[in-house]
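Text of the file run_34.csv, holding CSV, C-alpha atoms:
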```csv
chain,number,residue,atom,x,y,z
A,17,TYR,CA,3.5,61.8,31.9
A,18,LYS,CA,6.9,61.0,33.3
A,19,ARG,CA,5.3,59.6,36.5
A,20,GLN,CA,3.0,57.3,34.3
A,21,ILE,CA,5.9,56.1,32.3
A,22,LEU,CA,7.9,55.2,35.5
A,23,LEU,CA,4.9,53.3,36.9
A,24,LEU,CA,4.4,51.4,33.7
A,25,ALA,CA,8.1,50.4,33.6
A,26,LEU,CA,8.0,49.3,37.2
A,27,GLY,CA,4.9,47.2,36.5
A,28,ILE,CA,6.6,45.5,33.6
A,29,MET,CA,9.7,44.7,35.8
A,30,ILE,CA,7.5,43.1,38.5
A,31,ALA,CA,5.6,41.0,36.0
A,32,GLY,CA,8.9,39.8,34.5
A,33,LEU,CA,10.1,38.8,38.0
A,34,VAL,CA,6.9,36.9,38.7
A,35,ALA,CA,7.0,35.1,35.4
A,36,GLY,CA,10.6,34.1,35.9
A,37,ASN,CA,9.8,32.7,39.3
A,38,LEU,CA,7.0,30.7,37.9
A,39,LEU,CA,9.2,29.4,35.1
A,40,LEU,CA,11.9,28.3,37.5
A,41,SER,CA,9.4,26.6,39.8
A,42,GLY,CA,8.1,24.6,36.9
A,43,ARG,CA,4.5,25.9,37.0
A,44,GLY,CA,2.5,28.0,34.7
A,45,LEU,CA,-0.1,30.6,35.6
A,46,THR,CA,-2.8,27.9,35.7
A,47,GLY,CA,-0.9,25.7,38.1
A,48,GLU,CA,-0.2,23.0,35.4
A,49,ALA,CA,3.4,21.7,35.0
A,50,ASN,CA,5.2,23.3,32.1
A,51,GLU,CA,6.9,20.9,29.7
A,52,LEU,CA,10.5,21.9,30.0
A,53,GLU,CA,12.3,18.6,29.9
A,54,GLN,CA,14.6,17.4,32.7
A,55,ASP,CA,17.4,15.0,32.0
A,56,LEU,CA,15.7,11.9,33.4
A,57,PRO,CA,16.4,8.3,32.6
A,58,PRO,CA,13.8,6.0,31.0
A,59,PHE,CA,11.5,4.1,33.3
A,60,TYR,CA,13.2,0.9,32.1
A,61,GLU,CA,17.0,1.1,32.0
A,62,GLY,CA,17.8,-2.5,31.1
A,63,ASN,CA,18.4,-4.4,27.8
A,64,ALA,CA,15.5,-4.1,25.3
A,65,ASP,CA,16.0,-7.7,24.3
A,66,SER,CA,15.1,-8.8,27.9
A,67,VAL,CA,11.5,-7.6,27.5
A,68,VAL,CA,9.5,-10.6,26.5
A,69,ALA,CA,6.0,-9.3,26.8
A,70,ILE,CA,4.2,-6.0,26.7
A,71,THR,CA,0.6,-5.4,27.8
A,72,VAL,CA,-1.3,-2.2,27.3
A,73,GLN,CA,-4.3,-2.8,29.5
A,74,HIS,CA,-6.6,0.1,28.5
A,75,THR,CA,-6.5,-0.9,24.9
A,76,GLY,CA,-6.5,-4.7,25.3
A,77,LEU,CA,-3.2,-4.9,23.5
A,78,ALA,CA,-0.9,-7.8,24.4
A,79,LEU,CA,2.3,-8.5,22.6
A,80,GLN,CA,4.6,-11.4,23.2
A,81,ARG,CA,8.1,-11.9,21.9
A,82,GLN,CA,8.8,-15.3,20.3
A,83,SER,CA,12.1,-16.7,19.2
A,84,ILE,CA,12.5,-16.8,15.4
A,85,LEU,CA,15.1,-19.5,15.8
A,86,GLN,CA,12.6,-21.8,17.6
A,87,THR,CA,9.5,-21.1,15.4
A,88,ASP,CA,8.7,-20.6,11.8
A,89,ALA,CA,7.6,-17.1,12.5
A,90,ARG,CA,9.2,-14.4,10.3
A,91,PHE,CA,8.4,-11.7,12.9
A,92,GLU,CA,9.4,-12.0,16.6
A,93,TRP,CA,6.3,-10.3,18.1
A,94,SER,CA,2.8,-11.8,18.1
A,95,PHE,CA,-0.7,-11.4,19.7
A,96,PRO,CA,-1.2,-14.4,22.0
A,97,VAL,CA,-5.0,-14.1,21.7
A,98,VAL,CA,-4.8,-14.1,17.8
A,99,PRO,CA,-1.5,-16.0,17.2
A,100,ASP,CA,-1.9,-16.3,13.4
A,101,ALA,CA,-2.7,-12.6,12.9
A,102,GLN,CA,-0.4,-10.9,10.5
A,103,LEU,CA,1.0,-7.8,12.2
A,104,ARG,CA,1.9,-4.4,10.7
A,105,GLU,CA,5.6,-4.7,11.5
A,106,PRO,CA,6.6,-1.0,11.4
A,107,GLN,CA,3.7,0.0,13.6
A,108,VAL,CA,4.4,-2.8,16.1
A,109,LEU,CA,8.1,-2.1,16.3
A,110,GLU,CA,7.3,1.6,16.8
A,111,LEU,CA,5.0,0.8,19.7
A,112,VAL,CA,7.5,-1.7,21.2
A,113,GLU,CA,10.2,0.9,21.1
A,114,ALA,CA,8.0,3.6,22.6
A,115,ALA,CA,7.0,1.3,25.5
A,116,ILE,CA,10.5,0.1,26.3
A,117,GLY,CA,12.0,3.5,25.9
A,118,LEU,CA,9.2,5.4,27.7
A,119,ARG,CA,11.0,8.3,29.5
A,120,PRO,CA,9.6,10.9,31.9
A,121,LEU,CA,9.8,14.5,30.8
A,122,ARG,CA,10.0,15.9,34.3
A,123,VAL,CA,9.2,15.3,38.0
A,124,ILE,CA,5.9,17.0,39.0
A,125,SER,CA,5.7,15.8,42.6
A,126,GLU,CA,7.7,13.5,44.8
A,127,ALA,CA,4.8,12.4,47.0
A,128,PRO,CA,1.5,14.1,46.3
A,129,PRO,CA,-1.1,13.7,49.0
A,130,ASP,CA,-3.9,13.3,46.4
A,131,LEU,CA,-3.2,11.3,43.3
A,132,SER,CA,-6.7,12.0,41.9
A,133,ILE,CA,-5.4,15.5,40.9
A,134,TYR,CA,-3.3,13.8,38.3
A,135,GLY,CA,-5.8,11.1,37.3
A,136,LEU,CA,-3.6,8.5,38.9
A,137,LYS,CA,-5.8,7.4,41.8
A,138,VAL,CA,-7.8,5.4,39.1
A,139,PRO,CA,-5.3,5.4,36.2
A,140,ARG,CA,-6.7,5.6,32.7
A,141,GLY,CA,-3.9,3.4,31.4
A,142,ARG,CA,-1.5,0.7,32.5
A,143,ILE,CA,1.6,-0.5,30.5
A,144,GLU,CA,3.2,-3.6,31.8
A,145,MET,CA,6.5,-5.1,30.6
A,146,VAL,CA,7.5,-8.6,31.6
A,147,LEU,CA,11.2,-9.3,31.7
A,148,ALA,CA,13.1,-12.5,30.9
A,149,THR,CA,13.8,-12.8,34.7
A,150,GLY,CA,10.1,-12.8,35.5
A,151,ASP,CA,10.2,-9.3,36.9
A,152,ARG,CA,7.5,-6.9,35.9
A,153,LEU,CA,7.7,-3.1,35.3
A,154,ILE,CA,4.4,-1.3,35.3
A,155,VAL,CA,3.8,2.3,34.2
A,156,LEU,CA,0.5,4.0,35.1
A,157,LEU,CA,-0.9,6.7,32.9
A,158,GLY,CA,-3.1,9.5,34.3
A,159,ALA,CA,-4.8,12.6,33.1
A,160,VAL,CA,-3.7,14.7,30.2
A,161,THR,CA,-2.0,18.0,31.0
A,162,ALA,CA,-3.0,21.3,29.6
A,163,THR,CA,-0.3,21.0,27.0
A,164,GLY,CA,-1.3,17.5,25.8
A,165,ASN,CA,1.2,15.4,27.7
A,166,SER,CA,0.2,12.8,30.3
A,167,TYR,CA,0.9,12.3,34.0
A,168,ALA,CA,2.5,9.0,34.8
A,169,MET,CA,4.1,7.1,37.7
A,170,LEU,CA,5.7,3.7,38.3
A,171,ASP,CA,3.4,1.2,40.1
A,172,GLY,CA,4.4,0.9,43.7
A,173,GLN,CA,6.2,4.3,43.8
A,174,LYS,CA,5.0,7.8,44.7
A,175,THR,CA,6.7,10.1,42.3
A,176,VAL,CA,4.5,11.7,39.6
A,177,TYR,CA,6.0,12.6,36.2
A,178,THR,CA,4.8,13.8,32.9
A,179,VAL,CA,5.4,11.8,29.7
A,180,SER,CA,5.2,12.9,26.1
A,181,GLY,CA,1.7,13.2,24.7
A,182,ASP,CA,2.9,11.6,21.5
A,183,VAL,CA,4.1,8.5,23.3
A,184,ALA,CA,0.9,8.3,25.3
A,185,TYR,CA,-1.1,8.5,22.1
A,186,LEU,CA,1.1,5.8,20.5
A,187,LEU,CA,0.5,3.5,23.5
A,188,SER,CA,-3.3,4.0,23.1
A,189,ARG,CA,-3.4,2.3,19.8
A,190,LYS,CA,-6.0,-0.4,19.6
A,191,PRO,CA,-5.0,-4.0,18.6
A,192,GLU,CA,-6.9,-3.6,15.3
A,193,ALA,CA,-4.6,-0.8,14.2
A,194,LEU,CA,-1.6,-3.1,14.5
A,195,ILE,CA,-3.1,-6.1,12.6
A,196,ASP,CA,-2.5,-6.3,8.9
A,197,THR,CA,-6.0,-7.0,7.6
A,198,THR,CA,-4.8,-7.2,3.9
A,199,LEU,CA,-6.1,-10.4,2.6
A,200,PRO,CA,-4.0,-12.6,0.2
A,201,THR,CA,-4.7,-12.1,-3.5
A,202,PHE,CA,-4.3,-14.0,-6.7
A,203,GLU,CA,-3.8,-13.5,-10.5
A,204,PRO,CA,-6.8,-14.7,-12.6
A,205,VAL,CA,-4.5,-16.0,-15.3
A,206,LEU,CA,-2.8,-18.3,-12.8
A,207,VAL,CA,-5.9,-19.9,-11.3
A,208,ARG,CA,-6.2,-23.6,-11.7
A,209,ARG,CA,-9.3,-24.3,-9.6
A,210,LEU,CA,-12.3,-22.2,-8.4
A,211,ARG,CA,-15.0,-23.2,-5.9
A,212,VAL,CA,-17.8,-20.9,-5.0
A,213,LEU,CA,-20.6,-21.5,-2.5
A,214,GLY,CA,-23.5,-19.2,-2.6
A,215,THR,CA,-27.2,-18.8,-2.9
A,216,HIS,CA,-27.3,-20.8,-6.2
A,217,GLY,CA,-25.5,-23.7,-4.6
A,218,GLU,CA,-21.9,-24.9,-5.1
A,219,LEU,CA,-19.8,-24.3,-8.3
A,220,GLU,CA,-16.5,-25.9,-9.0
A,221,VAL,CA,-14.3,-25.1,-12.0
A,222,ARG,CA,-11.0,-26.9,-12.7
A,223,TYR,CA,-8.4,-26.5,-15.4
A,224,THR,CA,-8.0,-30.0,-16.9
A,225,ALA,CA,-6.8,-31.9,-19.9
A,226,PHE,CA,-9.3,-33.6,-22.3
A,227,HIS,CA,-9.6,-35.1,-25.8
A,228,ASP,CA,-11.4,-32.8,-28.2
A,229,ALA,CA,-13.2,-35.2,-30.6
A,230,SER,CA,-14.1,-32.5,-33.1
A,231,GLN,CA,-10.5,-31.6,-33.6
A,232,ALA,CA,-9.0,-35.0,-32.8
A,233,THR,CA,-6.5,-33.5,-30.4
A,234,GLU,CA,-5.6,-33.3,-26.8
A,235,ARG,CA,-6.0,-29.9,-25.1
A,236,ALA,CA,-6.6,-28.3,-21.7
A,237,ALA,CA,-9.4,-26.0,-20.7
A,238,TYR,CA,-11.5,-24.9,-17.8
A,239,MET,CA,-14.4,-27.2,-17.1
A,240,ILE,CA,-17.4,-27.0,-14.6
A,241,PHE,CA,-17.5,-30.1,-12.5
A,242,THR,CA,-20.1,-29.0,-10.0
A,243,PRO,CA,-23.2,-28.8,-10.1
A,244,TYR,CA,-23.6,-30.5,-13.4
A,245,SER,CA,-23.6,-34.3,-13.6
A,246,VAL,CA,-21.0,-34.2,-16.4
A,247,PRO,CA,-18.2,-31.7,-16.9
A,248,VAL,CA,-19.1,-28.6,-19.0
A,249,LEU,CA,-16.7,-26.5,-21.0
A,250,VAL,CA,-16.2,-22.9,-19.6
A,251,ASP,CA,-16.1,-19.6,-21.5
A,252,GLU,CA,-12.6,-18.5,-20.4
A,253,ARG,CA,-13.3,-14.8,-21.1
A,254,ALA,CA,-16.3,-14.9,-18.7
A,255,LEU,CA,-14.3,-16.8,-16.2
A,256,ARG,CA,-11.5,-14.2,-16.2
A,257,GLY,CA,-14.0,-11.5,-15.7
A,258,VAL,CA,-15.5,-13.3,-12.7
A,259,LEU,CA,-12.1,-14.0,-11.2
A,260,SER,CA,-11.1,-10.4,-11.6
A,261,LYS,CA,-14.2,-9.3,-9.8
A,262,PHE,CA,-13.5,-11.7,-7.0
A,263,ARG,CA,-10.0,-10.5,-6.7
A,264,ASP,CA,-11.0,-6.8,-6.6
A,265,ASP,CA,-13.9,-7.3,-4.2
A,266,LEU,CA,-12.7,-10.0,-1.9
A,267,THR,CA,-8.9,-9.9,-1.7
A,268,GLY,CA,-6.3,-7.3,-0.7
A,269,ASP,CA,-7.3,-4.2,1.3
A,270,VAL,CA,-11.1,-5.0,1.6
A,271,VAL,CA,-11.5,-5.7,5.3
A,272,ASP,CA,-13.3,-3.0,7.4
A,273,GLY,CA,-11.9,-4.3,10.7
A,274,ILE,CA,-11.4,-7.3,12.9
A,275,VAL,CA,-13.5,-8.7,15.7
A,276,ALA,CA,-10.9,-8.8,18.5
A,277,ASP,CA,-13.0,-11.0,20.8
A,278,GLY,CA,-14.5,-13.1,18.0
A,279,SER,CA,-13.9,-16.9,17.6
A,280,VAL,CA,-14.3,-18.8,14.3
A,281,SER,CA,-15.8,-21.6,16.3
A,282,ASP,CA,-18.6,-19.4,17.7
A,283,ALA,CA,-21.7,-20.7,16.0
A,284,ASN,CA,-23.3,-17.2,16.2
A,285,LEU,CA,-20.8,-15.9,13.7
A,286,GLY,CA,-21.9,-18.4,11.1
A,287,LEU,CA,-18.3,-19.4,10.1
A,288,THR,CA,-18.6,-23.1,11.0
A,289,GLU,CA,-21.3,-23.5,8.4
A,290,PRO,CA,-20.6,-20.4,6.2
A,291,ALA,CA,-23.3,-19.0,3.9
A,292,PHE,CA,-20.7,-18.1,1.3
A,293,GLU,CA,-17.3,-19.5,0.4
A,294,LEU,CA,-14.6,-18.5,-2.1
A,295,GLU,CA,-11.8,-21.0,-2.7
A,296,VAL,CA,-9.2,-20.2,-5.4
A,297,GLU,CA,-6.2,-22.4,-6.1
A,298,ASP,CA,-3.2,-21.2,-8.1
A,299,VAL,CA,0.5,-22.0,-8.3
A,300,ASP,CA,1.1,-20.3,-4.9
A,301,GLY,CA,-1.4,-22.3,-2.9
A,302,VAL,CA,-5.1,-22.0,-1.9
A,303,TYR,CA,-7.0,-18.9,-1.0
A,304,HIS,CA,-10.1,-20.0,1.0
A,305,LEU,CA,-12.4,-17.2,2.4
A,306,LEU,CA,-15.4,-18.0,4.6
A,307,ILE,CA,-18.3,-15.6,4.8
A,308,GLY,CA,-20.6,-16.1,7.8
A,309,ALA,CA,-23.6,-14.3,9.4
A,310,LYS,CA,-24.2,-10.6,9.3
A,311,SER,CA,-22.5,-8.7,12.0
A,312,SER,CA,-24.7,-5.7,11.2
A,313,GLU,CA,-26.9,-4.5,8.3
A,314,THR,CA,-23.8,-3.5,6.4
A,315,HIS,CA,-21.2,-6.2,7.3
A,316,HIS,CA,-20.6,-10.0,7.4
A,317,TYR,CA,-18.3,-11.9,9.6
A,318,ALA,CA,-15.5,-13.5,7.6
A,319,ALA,CA,-12.3,-15.6,8.2
A,320,LEU,CA,-9.7,-17.4,6.2
A,321,ALA,CA,-10.0,-21.2,6.5
A,322,GLY,CA,-7.6,-22.6,9.1
A,323,GLN,CA,-7.0,-19.2,10.8
A,324,SER,CA,-8.6,-17.7,13.9
A,325,THR,CA,-8.8,-14.0,13.0
A,326,VAL,CA,-12.4,-12.9,12.4
A,327,TYR,CA,-12.8,-10.0,10.0
A,328,ARG,CA,-15.7,-7.7,9.0
A,329,ILE,CA,-16.4,-7.4,5.3
A,330,GLY,CA,-19.0,-5.2,3.7
A,331,VAL,CA,-22.3,-6.7,2.4
A,332,SER,CA,-21.8,-5.1,-1.0
A,333,ARG,CA,-18.5,-7.0,-1.5
A,334,VAL,CA,-20.1,-10.3,-0.6
A,335,ALA,CA,-22.9,-9.7,-3.2
A,336,VAL,CA,-20.5,-10.7,-5.9
A,337,LEU,CA,-20.7,-14.3,-4.7
A,338,ASP,CA,-24.4,-14.2,-4.5
A,339,ARG,CA,-24.9,-13.1,-8.1
A,340,LEU,CA,-22.8,-15.8,-9.8
A,341,ARG,CA,-24.7,-18.7,-11.5
A,342,PRO,CA,-23.0,-21.7,-13.0
A,343,PHE,CA,-24.5,-21.1,-16.4
A,344,ASP,CA,-22.9,-17.6,-16.5
A,345,LEU,CA,-19.6,-19.4,-17.2
A,346,VAL,CA,-20.8,-21.9,-19.8
A,347,VAL,CA,-19.6,-21.7,-23.5
A,348,ARG,CA,-22.6,-21.0,-25.7
A,349,ALA,CA,-22.9,-20.1,-29.4
A,350,VAL,CA,-26.0,-17.8,-29.3
A,351,GLU,CA,-26.5,-14.7,-27.3
A,352,GLU,CA,-30.1,-15.1,-26.0
A,353,ILE,CA,-31.0,-18.5,-24.7
A,354,ASP,CA,-33.0,-20.0,-21.8
A,355,TYR,CA,-30.5,-20.4,-18.9
A,356,ASP,CA,-32.4,-23.2,-17.4
A,357,LEU,CA,-32.5,-25.4,-20.6
A,358,VAL,CA,-29.1,-25.1,-22.2
A,359,GLN,CA,-25.8,-26.2,-20.7
A,360,GLY,CA,-23.5,-25.4,-23.6
A,361,MET,CA,-20.7,-27.8,-24.4
A,362,LEU,CA,-20.9,-31.3,-22.8
A,363,PHE,CA,-17.9,-33.3,-21.8
A,364,VAL,CA,-19.0,-36.9,-22.2
A,365,ALA,CA,-16.8,-40.0,-21.9
A,366,GLY,CA,-13.6,-38.0,-22.2
A,367,GLU,CA,-14.6,-36.2,-25.4
A,368,VAL,CA,-16.3,-32.9,-26.1
A,369,SER,CA,-19.6,-33.0,-28.0
A,370,TYR,CA,-21.1,-29.8,-29.3
A,371,LEU,CA,-24.7,-28.7,-28.9
A,372,SER,CA,-27.2,-27.7,-31.7
A,373,LEU,CA,-30.0,-25.3,-30.9
A,374,ILE,CA,-33.2,-25.5,-32.9
A,375,HIS,CA,-35.6,-22.6,-32.6
A,376,ILE,CA,-39.2,-23.6,-32.2
A,377,SER,CA,-42.1,-21.2,-32.3
A,378,GLU,CA,-45.3,-22.3,-30.5
A,379,PRO,CA,-48.2,-21.8,-33.0
A,380,THR,CA,-50.7,-21.4,-30.2
A,381,ARG,CA,-48.6,-18.8,-28.3
A,382,PRO,CA,-46.5,-17.1,-31.0
A,383,ARG,CA,-45.0,-14.7,-28.4
A,384,LEU,CA,-43.4,-17.5,-26.5
A,385,ILE,CA,-40.2,-19.1,-27.8
A,386,SER,CA,-38.6,-22.3,-26.7
A,387,TYR,CA,-35.4,-24.2,-27.7
A,388,ALA,CA,-34.8,-27.8,-28.3
A,389,VAL,CA,-31.3,-29.1,-27.5
A,390,PHE,CA,-29.7,-32.0,-29.1
A,391,CYS,CA,-26.3,-33.5,-28.5
A,392,LEU,CA,-24.6,-34.5,-31.8
A,393,LYS,CA,-22.5,-37.7,-31.8
```

What's the structure tokens form of this structure?
Amino acid sequence: YKRQILLLALGIMIAGLVAGNLLLSGRGLTGEANELEQDLPPFYEGNADSVVAITVQHTGLALQRQSILQTDARFEWSFPVVPDAQLREPQVLELVEAAIGLRPLRVISEAPPDLSIYGLKVPRGRIEMVLATGDRLIVLLGAVTATGNSYAMLDGQKTVYTVSGDVAYLLSRKPEALIDTTLPTFEPVLVRRLRVLGTHGELEVRYTAFHDASQATERAAYMIFTPYSVPVLVDERALRGVLSKFRDDLTGDVVDGIVADGSVSDANLGLTEPAFELEVEDVDGVYHLLIGAKSSETHHYAALAGQSTVYRIGVSRVAVLDRLRPFDLVVRAVEEIDYDLVQGMLFVAGEVSYLSLIHISEPTRPRLISYAVFCLK
């Protein structure tokens, strides 16, 4: 028993020495570099403000710094390919800081004979920083290590490093993740004009002043100006409900993504002659959403008028525009009437004239009912 105990103790000591040597040499049992950090400087050691552009090739991300003093921009970074895109500022700043401050964890090899071992012969990623002097600093990203970090090297040099897996993941963010796709919104009670283009044609509603002949007074109300030949008084409760539905389904966080390589002028997207439009004007301005062709069975292309960012919006959200009919907003005194015959209150020669509905039963077909409509002077 004593001999077995001595042999066991000797084996433990030898294993400890081997593990210690491996640790000091910076390699694990599998041959992968361990992740004990060395005190190494960042790849770029200059002033962060001197970096004027950052490109992440493998994701298609291109950021460009712009002078806030020279432009009307409220944020100094932009996408040159989609210059009017609203960026998610915290995420963009986090990525910019990660790219500029990218620091190697440790040196793996000073001059490896075969870069393919580290995935750097054909790099899976390329981060390029353009400086104000015109100089360029390029970091190449290679394979992922066994511990989740990435191999990296400076373009034009031979030393292979590891960089943090968290940073490598951050720099793999696609452009869509950095664009704020939240659409502007509005409050129904503040809307002064509504225009909708859909399957049932064009509808325009405006808040306007008029003379109410029945009450001999001046007042303001919502009136339908299109498609009727004369303005028609609107049921405000119905209008508020429609506006609320539009706000919930077609403003705010309703976009399912952007089309990074899409162009509003591309006729195939159907945005130059949109199938649907929603235009809402309030005290803050005009919200004008264009809905184009279907990008798939479940989504339409969409864009804000005057902007170049192309979005994807679900078919189910667009359906709210397809269902609206002008007569759904018309003031009417009875509950069940023929939508095709009655237009509610007419606005004639600057005055409102009320409608009278006369119920007529057809003697030859008693099951059928029609209505005669007269405008009382």

inquiry  = Using Å and a single decimal, report how far atom CA of A:Leu305 sits from atom CA of A:Tyr223.
reply    = 20.5 Å

request  = Point out the residue among A:Ala114, A:Leu306, A:Leu109, A:Val271 with the least atom-to-atom distance to A:Asp196, counting all atoms listed in the file.
outcome  = A:Val271

Non-local contacts of A:His316 (6 Å; all atoms listed in the file; under 2 positions in same chain excluded) as a list in words = Ala309, Lys310, Ser311, Arg328 and Ile329 of chain A

request  = Please provide the set of residues having any atom within 10 Å of stretch 140-157 of chain A, restricted to all atoms listed in the file, with same-chain residues fewer than 3 positions apart removed, written as a ChimeraX atom specification.
outcome  = /A:59-60,62-75,77-80,115-116,118,134-137,160,166-172,176-179,184,187-188

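Candidate residues A:Asp100, A:Glu92, A:Glu203, A:Asp182 were compared for distance to A:Leu121, and the nearest is A:Asp182, using all atoms listed in the file.
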
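Relative to atom CA of A:Glu295, atom CA of A:Leu337 is found at 11.3 Å.
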